[in-house]
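*Asks:* The structure follows.
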Amino acid sequence: MITQKMKYALKALMALADEKAGDGAPLRIEEIARRSGAPKRFLEHILLEIRNAGYIASTRGRNGGYVLIKEPREVPLSDLLRMIDGPIAPLPCLSRRAYQRCDDCTDEAACRIRKVFAEVFWSYLLLIESLTLEDMVGNPAVADELLLAAPSAP
């Protein structure tokens with residue numbers, strides 16, 4: 001399940017990708033908020049995280065703002081998900097980057113819970129790791145479906 005924060009991040013990145021494909025001018029945070037429908041106060045923190053990851057750059061001054069410095073095809077959704085929302089595995093023992101042994105598990109190899117969720121997760125992982133920002137920008141219907149179908153965290 002993706003959080004509202006992740007939805008805002010994706011919408012902001014789509015706005016920056018659209019601008020990159022057009023004039024390529026830096027967008028002020030107010031304009032990104034207007035185009036994406038995301039609150040400005042949340043965007044400030046989100047854009048800082050994305051900038052620190054090297055996907056966007058910011059410039060100060062009268063003509064300053066944010067620009068997407070990577071091509072949309074070079075922005076993996078799985079990396080964004082992990083950066084914004086944290087580990088994406090349904091169980092800590094399935095996570096590649098945040099692996100933790102389950103407290104109540106005596107034998108991972110024989111764990112039936114792990115086996116069932118591993119099958120589902122690996123299928124999901126193959127799909128999510130194949131998607132980039134370009135998939136969302138290039139096909140608005142896909143972007144709308146992903147953002148509308150994904151339930152938000154409470």
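We label chains A, B, ... in the order they appear in the structure tokens, count residues from 1 in each chain, and number ligands from 1 in the order shown.
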I'd like to know which residues of chain A are helix (DSSP H, G or I) (by DSSP, run on the backbone); could you write them as number ranges by chain?
*Replies:* A: 4-21, 29-36, 40-52, 72-74, 77-85, 92-94, 108-110, 112-128, 133-138, 140-149
*Asks:* Set the distance at 12 Å and use only C-alpha atoms: which residues neighbour segment 78-85 of chain A once local chain neighbours fewer than 4 positions away are removed? I'd like the list as a ChimeraX atom specification.
*Replies:* /A:1-10,13,45-55,74,89,95-98,124-133,152-153
*Asks:* Please provide as a list of chain:residue names all residues within 10 Å of Gly64 of chain A, with the sequence filter that same-chain residues fewer than 6 positions apart are discarded (counting only C-alpha atoms).
*Replies:*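 Answer for this query is A:Ala25, A:Pro26, A:Leu27, A:Arg28, A:Ile29, A:Ser58.
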*Asks:* Keeping only N, CA and C atoms, write the selected residues as an mmCIF file, in the first residue's frame.
*Replies:*
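Result file follows (selection_1.cif):
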```
data_model
loop_
_atom_site.group_PDB
_atom_site.id
_atom_site.type_symbol
_atom_site.label_atom_id
_atom_site.label_comp_id
_atom_site.auth_asym_id
_atom_site.auth_seq_id
_atom_site.Cartn_x
_atom_site.Cartn_y
_atom_site.Cartn_z
ATOM 1 N N ALA A 25 11.655 24.579 -18.068
ATOM 2 C CA ALA A 25 11.948 25.637 -17.102
ATOM 3 C C ALA A 25 11.782 25.113 -15.676
ATOM 4 N N PRO A 26 12.547 25.661 -14.740
ATOM 5 C CA PRO A 26 12.362 25.276 -13.335
ATOM 6 C C PRO A 26 10.960 25.646 -12.855
ATOM 7 N N LEU A 27 10.386 24.802 -12.043
ATOM 8 C CA LEU A 27 9.062 25.072 -11.480
ATOM 9 C C LEU A 27 9.198 25.421 -10.009
ATOM 10 N N ARG A 28 8.568 26.518 -9.642
ATOM 11 C CA ARG A 28 8.529 26.891 -8.232
ATOM 12 C C ARG A 28 7.627 25.921 -7.493
ATOM 13 N N ILE A 29 7.850 25.796 -6.212
ATOM 14 C CA ILE A 29 7.095 24.830 -5.419
ATOM 15 C C ILE A 29 5.591 25.125 -5.459
ATOM 16 N N SER A 58 17.485 21.816 -7.528
ATOM 17 C CA SER A 58 16.801 23.069 -7.219
ATOM 18 C C SER A 58 17.768 24.219 -7.428
#
```
*Asks:* Just want the 10 Å neighbourhood of segment 107-110 of chain A, counted on only C-alpha atoms, with same-chain residues fewer than 5 positions away dropped. Output as a list in words.
*Replies:*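 Here the answer would be Cys93, Leu94, Arg101, Cys102 and Lys115 of chain A.
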*Asks:* Using atom CA of Tyr66 of chain A and atom CA of Asp18 of chain A as the two end points, give the distance in Å to one decimal.
*Replies:*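 Atom CA of Tyr66 of chain A sits 12.5 Å away from atom CA of Asp18 of chain A.
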